[in-house]
>>> print(open('start_4.cif').read())   # mmCIF, C-alpha atoms
data_target
loop_
_atom_site.label_atom_id
_atom_site.label_comp_id
_atom_site.auth_asym_id
_atom_site.auth_seq_id
_atom_site.Cartn_x
_atom_site.Cartn_y
_atom_site.Cartn_z
CA MET A 201 73.08 85.12 100.65
CA THR A 202 75.12 84.73 103.83
CA ALA A 203 78.77 84.97 104.79
CA LYS A 204 79.07 81.21 104.37
CA THR A 205 77.74 81.30 100.80
CA LEU A 206 79.79 84.26 99.60
CA PRO A 207 82.67 83.25 97.30
CA GLY A 208 85.72 82.11 99.27
CA GLY A 209 83.89 81.84 102.58
CA THR A 210 85.54 83.53 105.55
CA PHE A 211 88.99 84.16 107.02
CA THR A 212 89.73 84.36 110.72
CA MET A 213 92.23 87.12 111.50
CA ALA A 214 91.97 86.77 115.28
CA GLU A 215 89.85 84.97 117.84
CA ASP A 216 87.30 87.79 117.80
CA LEU A 217 87.68 88.75 114.13
CA THR A 218 86.32 86.62 111.28
CA LEU A 219 85.64 88.38 107.99
CA THR A 220 84.16 87.39 104.67
CA ARG A 221 86.94 87.01 102.13
CA VAL A 222 84.82 89.06 99.75
CA GLY A 223 84.54 92.47 101.36
CA TYR A 224 83.61 95.93 100.20
CA GLY A 225 85.91 98.93 99.72
CA ALA A 226 84.21 102.24 100.45
CA MET A 227 86.65 104.53 98.59
CA GLN A 228 84.33 105.05 95.62
CA LEU A 229 81.50 106.31 97.81
CA ALA A 230 83.16 109.74 97.80
CA GLY A 231 83.06 112.09 94.84
CA PRO A 232 85.33 112.00 91.75
CA GLY A 233 88.97 111.46 92.64
CA VAL A 234 87.86 110.30 96.11
CA PHE A 235 87.25 113.96 96.90
CA GLY A 236 84.08 115.65 98.08
CA PRO A 237 80.58 114.21 98.38
CA PRO A 238 79.05 111.67 95.98
CA LYS A 239 76.68 112.80 93.26
CA ASP A 240 74.01 110.52 94.70
CA ARG A 241 74.18 110.05 98.47
CA ASP A 242 71.08 107.83 98.52
CA ALA A 243 72.74 105.48 96.02
CA ALA A 244 75.85 105.31 98.22
CA ILE A 245 73.72 104.41 101.23
CA ALA A 246 71.93 101.77 99.18
CA VAL A 247 75.22 100.12 98.17
CA LEU A 248 76.34 99.80 101.79
CA ARG A 249 73.03 98.35 102.92
CA GLU A 250 73.04 95.91 100.01
CA ALA A 251 76.58 94.78 100.90
CA VAL A 252 75.46 93.91 104.42
CA GLU A 253 72.24 92.31 103.13
CA LEU A 254 74.32 90.08 100.82
CA GLY A 255 76.34 88.84 103.80
CA ILE A 256 79.52 90.92 103.51
CA THR A 257 81.06 91.43 106.97
CA HIS A 258 84.20 93.33 105.92
CA ILE A 259 84.01 97.02 104.98
CA ASP A 260 87.24 98.89 104.25
CA THR A 261 87.31 102.65 104.66
CA SER A 262 89.32 105.66 105.82
CA ASP A 263 88.43 109.03 107.27
CA TYR A 264 90.62 110.63 104.58
CA TYR A 265 88.35 109.32 101.82
CA GLY A 266 86.44 112.41 100.84
CA PRO A 267 87.82 113.43 103.34
CA TYR A 268 85.34 112.36 106.02
CA VAL A 269 82.60 111.62 103.50
CA THR A 270 82.71 107.83 103.37
CA ASN A 271 82.75 107.36 107.14
CA GLU A 272 79.81 109.71 107.54
CA ILE A 273 77.88 107.77 104.89
CA ILE A 274 78.78 104.42 106.49
CA ARG A 275 77.43 105.63 109.82
CA GLU A 276 74.25 107.00 108.26
CA ALA A 277 73.64 103.77 106.33
CA LEU A 278 74.53 101.12 108.89
CA HIS A 279 74.68 102.45 112.45
CA PRO A 280 73.95 100.77 114.83
CA TYR A 281 76.15 98.15 113.22
CA PRO A 282 75.31 94.43 113.13
CA ASP A 283 77.45 92.40 115.55
CA GLU A 284 79.03 90.43 112.72
CA LEU A 285 80.04 93.51 110.67
CA HIS A 286 83.66 94.64 110.96
CA ILE A 287 84.94 97.98 109.71
CA VAL A 288 88.62 98.26 108.80
CA THR A 289 90.06 101.76 108.50
CA LYS A 290 93.46 103.25 107.79
CA VAL A 291 95.45 106.25 108.99
CA GLY A 292 98.71 107.88 107.99
CA ALA A 293 97.63 110.36 105.31
CA LEU A 294 95.53 113.48 104.83
CA ARG A 295 93.83 115.15 101.87
CA ASP A 296 95.08 118.58 100.91
CA ALA A 297 93.09 121.31 99.18
CA GLU A 298 94.25 120.07 95.76
CA GLY A 299 93.10 116.51 96.50
CA GLY A 300 96.61 115.20 97.21
CA TRP A 301 97.46 112.53 99.77
CA PRO A 302 100.31 113.90 101.96
CA HIS A 303 101.66 111.78 104.82
CA ALA A 304 100.27 112.41 108.30
CA ARG A 305 102.18 110.02 110.52
CA SER A 306 103.29 111.94 113.59
CA PRO A 307 102.00 110.46 116.87
CA GLU A 308 99.78 113.51 117.33
CA GLN A 309 98.32 113.23 113.83
CA LEU A 310 97.68 109.51 114.26
CA ARG A 311 95.96 110.00 117.60
CA GLN A 312 93.75 112.66 116.04
CA ALA A 313 92.99 110.41 113.06
CA VAL A 314 91.93 107.53 115.30
CA HIS A 315 89.64 109.80 117.30
CA ASP A 316 88.22 111.25 114.06
CA ASN A 317 87.46 107.74 112.75
CA LEU A 318 85.82 106.77 116.04
CA ARG A 319 83.65 109.88 116.10
CA ARG A 320 82.52 109.81 112.49
CA LEU A 321 81.86 106.05 112.49
CA GLY A 322 80.12 106.21 115.86
CA LEU A 323 82.33 103.59 117.52
CA ASP A 324 84.00 103.22 120.92
CA ALA A 325 86.83 101.11 119.46
CA LEU A 326 88.01 100.39 115.91
CA ASP A 327 88.14 96.73 114.82
CA VAL A 328 91.27 97.15 112.68
CA VAL A 329 93.42 100.18 111.93
CA ASN A 330 95.97 99.94 109.10
CA LEU A 331 98.95 102.27 109.16
CA ARG A 332 99.59 103.51 105.63
CA VAL A 333 103.34 103.82 105.22
CA GLY A 334 104.31 104.11 101.57
CA GLY A 335 103.14 106.12 98.60
CA PHE A 336 100.03 105.65 96.53
CA ASP A 337 100.89 102.20 95.20
CA SER A 338 104.37 101.22 96.41
CA PRO A 339 106.36 101.09 99.66
CA GLU A 340 108.88 103.75 100.64
CA ALA A 341 112.06 102.84 102.49
CA GLY A 342 112.32 103.83 106.12
CA SER A 343 111.40 102.89 109.65
CA LEU A 344 107.77 102.72 110.75
CA ALA A 345 108.67 102.29 114.42
CA GLU A 346 107.48 105.69 115.61
CA PRO A 347 104.07 105.77 113.90
CA PHE A 348 103.33 102.09 114.45
CA GLY A 349 104.39 102.43 118.08
CA ALA A 350 101.91 105.30 118.42
CA LEU A 351 99.11 103.07 117.15
CA ALA A 352 100.22 100.26 119.47
CA GLN A 353 99.84 102.72 122.34
CA LEU A 354 96.30 103.55 121.22
CA GLN A 355 95.61 99.82 121.08
CA GLN A 356 96.80 99.50 124.67
CA GLU A 357 94.37 102.29 125.56
CA GLY A 358 91.51 100.24 124.11
CA LEU A 359 90.74 102.51 121.15
CA ILE A 360 91.94 99.95 118.58
CA LYS A 361 91.33 96.20 118.72
CA HIS A 362 93.73 95.03 116.01
CA LEU A 363 96.52 96.53 113.91
CA GLY A 364 97.57 96.21 110.29
CA VAL A 365 99.93 97.90 107.85
CA SER A 366 99.49 99.18 104.30
CA THR A 367 101.82 99.83 101.37
CA VAL A 368 104.79 98.25 103.14
CA SER A 369 107.82 96.06 102.44
CA ALA A 370 108.58 92.71 104.07
CA GLU A 371 111.23 94.42 106.20
CA GLN A 372 108.71 96.98 107.47
CA ILE A 373 106.27 94.19 108.33
CA THR A 374 108.95 92.48 110.40
CA GLU A 375 109.67 95.77 112.15
CA ALA A 376 105.99 96.28 112.92
CA GLN A 377 105.70 92.76 114.32
CA SER A 378 108.57 93.48 116.69
CA ILE A 379 106.36 96.20 118.22
CA ALA A 380 102.89 94.61 118.19
CA PRO A 381 101.04 91.79 116.38
CA ILE A 382 99.43 92.53 113.02
CA VAL A 383 96.40 90.82 111.54
CA CYS A 384 96.56 92.08 107.96
CA VAL A 385 98.68 93.69 105.26
CA GLN A 386 97.08 95.87 102.58
CA ASN A 387 99.28 96.35 99.51
CA PHE A 388 99.00 97.07 95.80
CA TYR A 389 98.77 93.71 94.06
CA ASN A 390 96.94 92.23 91.11
CA ILE A 391 97.29 89.76 88.29
CA ALA A 392 99.90 91.92 86.52
CA ASN A 393 101.65 93.36 89.58
CA ARG A 394 103.09 90.38 91.42
CA THR A 395 105.91 91.87 93.50
CA ASP A 396 104.37 90.51 96.69
CA ASP A 397 104.11 86.86 95.62
CA ALA A 398 106.65 85.64 98.20
CA LEU A 399 105.23 87.94 100.86
CA ILE A 400 101.74 86.49 100.40
CA GLU A 401 103.11 82.99 100.97
CA SER A 402 104.97 84.10 104.09
CA LEU A 403 101.90 85.80 105.55
CA ALA A 404 99.74 82.77 104.78
CA THR A 405 101.99 80.55 106.91
CA GLN A 406 101.55 83.04 109.76
CA GLY A 407 97.77 83.21 109.42
CA ILE A 408 97.92 86.89 108.45
CA ALA A 409 95.47 88.28 105.90
CA TYR A 410 96.69 89.92 102.71
CA VAL A 411 94.29 92.51 101.27
CA PRO A 412 95.22 93.62 97.73
CA TYR A 413 93.94 96.92 96.46
CA PHE A 414 93.42 97.99 92.84
CA PRO A 415 92.60 94.51 91.43
CA LEU A 416 92.44 96.00 87.94
CA GLY A 417 95.22 98.55 88.33
CA GLY A 418 93.26 101.37 89.95
CA PHE A 419 93.57 104.75 88.26
CA THR A 420 95.82 103.20 85.58
CA PRO A 421 93.75 100.23 84.34
CA LEU A 422 95.53 97.06 83.30
CA GLN A 423 96.15 96.60 79.61
CA SER A 424 96.32 92.83 79.25
CA GLY A 425 95.45 90.92 76.13
CA ALA A 426 95.70 87.62 78.01
CA LEU A 427 93.26 88.76 80.68
CA ASP A 428 90.83 90.03 78.06
CA ALA A 429 91.13 86.77 76.11
CA VAL A 430 90.38 84.57 79.13
CA ALA A 431 87.46 86.81 80.08
CA ALA A 432 86.01 86.65 76.57
CA ARG A 433 86.37 82.87 76.48
CA LEU A 434 84.54 82.53 79.80
CA GLN A 435 81.94 85.13 78.79
CA ALA A 436 82.94 87.11 81.85
CA THR A 437 84.32 90.58 82.49
CA PRO A 438 88.05 91.20 83.07
CA MET A 439 87.13 92.39 86.59
CA SER A 440 85.40 89.07 87.33
CA VAL A 441 88.44 87.11 86.17
CA ALA A 442 90.82 89.34 88.14
CA LEU A 443 88.78 88.93 91.35
CA ALA A 444 88.38 85.19 90.90
CA TRP A 445 92.11 84.82 90.27
CA LEU A 446 92.91 86.70 93.49
CA LEU A 447 90.47 84.59 95.51
CA GLN A 448 92.04 81.38 94.16
CA ARG A 449 95.59 82.72 94.46
CA SER A 450 95.89 82.11 98.23
CA PRO A 451 93.43 81.37 101.07
CA ASN A 452 94.65 84.40 103.06
CA ILE A 453 93.74 86.90 100.32
CA LEU A 454 90.72 89.08 101.11
CA LEU A 455 89.04 91.22 98.45
CA ILE A 456 87.80 94.79 98.87
CA PRO A 457 86.54 95.83 95.41
CA GLY A 458 84.78 99.17 95.48
CA THR A 459 81.78 100.46 93.60
CA SER A 460 79.06 103.08 93.96
CA SER A 461 76.48 100.89 92.19
CA VAL A 462 74.30 98.14 93.68
CA LEU A 463 74.30 96.33 90.31
CA HIS A 464 78.09 96.49 90.08
CA LEU A 465 78.39 95.24 93.68
CA ARG A 466 76.34 92.16 92.79
CA GLU A 467 78.41 91.65 89.63
CA ASN A 468 81.63 91.78 91.65
CA ILE A 469 80.38 89.10 94.04
CA LYS A 470 79.19 86.92 91.18
CA GLY A 471 82.49 87.46 89.39
CA ALA A 472 84.56 86.44 92.40
CA ALA A 473 82.73 83.09 92.36
CA LEU A 474 83.99 82.32 88.86
CA ALA A 475 85.82 78.98 88.89
CA LEU A 476 89.09 79.14 86.92
CA SER A 477 90.55 75.91 85.57
CA GLU A 478 94.19 74.93 85.98
CA ASN A 479 94.82 75.82 82.35
CA GLU A 480 93.23 79.23 82.80
CA LEU A 481 95.20 79.84 85.97
CA THR A 482 98.42 78.94 84.17
CA GLU A 483 97.56 81.32 81.34
CA LEU A 484 96.72 84.12 83.76
CA ASN A 485 99.81 83.50 85.90
CA SER A 486 101.96 84.17 82.84
CA ILE A 487 100.74 87.79 82.83
CA GLY A 488 102.76 88.72 85.90
#
>>> encode(input="start_4.cif", output="structure tokens")
Amino acid sequence: MTAKTLPGGTFTMAEDLTLTRVGYGAMQLAGPGVFGPPKDRDAAIAVLREAVELGITHIDTSDYYGPYVTNEIIREALHPYPDELHIVTKVGALRDAEGGWPHARSPEQLRQAVHDNLRRLGLDALDVVNLRVGGFDSPEAGSLAEPFGALAQLQQEGLIKHLGVSTVSAEQITEAQSIAPIVCVQNFYNIANRTDDALIESLATQGIAYVPYFPLGGFTPLQSGALDAVAARLQATPMSVALAWLLQRSPNILLIPGTSSVLHLRENIKGAALALSENELTELNSIG
């Protein structure tokens, strides 16, 4: 399988940045609750190598997953990286001793985070850095000018190639764009959580990628009879239907489903290729 044969093909974020629309999210490579090491490090390494072997060129990570664990595993599994592989990371939070996710958005903290990502991934420059602004699954009001400006400065210094934002409102995106161009937005969105519908359309007209996280609701799984019914009718899993719906929702949507299992990784790719009919799309659209 190659990038061209993966479901959805590719999306070009910038002249030097074309990613497979089906990517891989590395969050689940850490231990339970995205904290500590995995139970089976060899299995985590195998998943990453399988993702690349299958043609995925988009890996999403963060140095605060674990913390540090996922980036260390990515480097062990894949470094030196293939030319076509692009690693997208995010900054703006830390992990505390209780496993919480407090903000870490001062210019000094962001500079340290970028250097930490570079060192643990074994890179001279990061392909894309997303600034996480809001809470766990929803934006928080306020200006992002200071932290995003700090990342723009690091981009000017050559440590970051492209910038993105995560868990943000449309107003915050506009503010970020007044400081520096962005190539992607990563927000909470799925078949039952459709707040960003208009935003996705707006970003599509600008050629900006939209990367939804938690396609099945994350730590609070979706409870949807309609989704389950469509999945049963198609003899597919709810996850397959949810991924396929996202891929057909808009051409600028990129997927980053996570898993710590090679078998589940293959199932996710197969599921994303599921072709939904107009009637099925209409039925699923009614969920949100």
>>> atom_distance(input="start_4.cif", atom1="atom CA of A:Leu454", atom2="atom CA of A:Arg221")
4.4 Å
>>> resolve_selection(input="start_4.cif", expression="the PyMOL selection byres ((chain A and resi 271-288) around 10)", output="PyMOL selection string")
chain A and resi 203+217-220+223-227+229-230+237-238+241-242+244-249+252+255-270+289-290+316-323+326-330+362-364
>>> residues_around(input="start_4.cif", residues="stretch 468-473 of chain A", least_positions_apart="5", cutoff="12 Å", atoms="all atoms listed in the file", output="count of residues only")
47
>>> atom_distance(input="start_4.cif", atom1="atom CA of A:Leu310", atom2="atom CA of A:Leu344")
12.7 Å
>>> atom_distance(input="start_4.cif", atom1="atom CA of A:Val430", atom2="atom CA of A:Leu484")
7.9 Å
>>> closest_residue(input="start_4.cif", among="A:Leu359, A:Gly334, A:Ala404, A:Asn393", to="A:Gln423", atoms="only C-alpha atoms")
A:Asn393
>>> residues_around(input="start_4.cif", residues="stretch 307-309 of chain A", least_positions_apart="2", cutoff="10 Å", atoms="all atoms listed in the file", output="short mmCIF file (atom, residue, chain, number, x, y, z; two decimals) with C-alpha atoms, keeping the file's coordinate frame")
data_model
loop_
_atom_site.label_atom_id
_atom_site.label_comp_id
_atom_site.auth_asym_id
_atom_site.auth_seq_id
_atom_site.Cartn_x
_atom_site.Cartn_y
_atom_site.Cartn_z
CA VAL A 291 95.45 106.25 108.99
CA GLY A 292 98.71 107.88 107.99
CA ALA A 293 97.63 110.36 105.31
CA LEU A 294 95.53 113.48 104.83
CA HIS A 303 101.66 111.78 104.82
CA ALA A 304 100.27 112.41 108.30
CA ARG A 305 102.18 110.02 110.52
CA ARG A 311 95.96 110.00 117.60
CA GLN A 312 93.75 112.66 116.04
CA ALA A 313 92.99 110.41 113.06
CA VAL A 314 91.93 107.53 115.30
CA HIS A 315 89.64 109.80 117.30
CA GLU A 346 107.48 105.69 115.61
CA PRO A 347 104.07 105.77 113.90
CA PHE A 348 103.33 102.09 114.45
CA GLY A 349 104.39 102.43 118.08
CA ALA A 350 101.91 105.30 118.42
CA LEU A 351 99.11 103.07 117.15
CA GLN A 353 99.84 102.72 122.34
CA LEU A 354 96.30 103.55 121.22
#
>>> closest_residue(input="start_4.cif", among="A:Ser424, A:Thr482, A:Ser378, A:Ser450", to="A:Asp397", atoms="all atoms listed in the file")
A:Ser450
>>> closest_residue(input="start_4.cif", among="A:Phe336, A:Phe211, A:Trp301, A:Phe235", to="A:Tyr410", atoms="all atoms listed in the file")
A:Phe211
>>> residues_near_point(input="start_4.cif", point="(96.4, 96.1, 93.4)", cutoff="8 Å", atoms="only C-alpha atoms", output="list in words")
Asp337, Asn387, Phe388, Tyr389, Asn390, Asn393, Pro412, Tyr413, Phe414, Pro415, Leu416, Gly417 and Gly418 of chain A
>>> closest_residue(input="start_4.cif", among="A:Ala409, A:Ala392, A:Ala341, A:Leu476", to="A:Gly425", atoms="all atoms listed in the file")
A:Ala392
>>> closest_residue(input="start_4.cif", among="A:Glu375, A:Glu401, A:Glu478, A:Glu298", to="A:Val234", atoms="all atoms listed in the file")
A:Glu298
>>> closest_residue(input="start_4.cif", among="A:Ile360, A:Ser402, A:Thr395, A:Glu215", to="A:Ile373", atoms="all atoms listed in the file")
A:Ser402
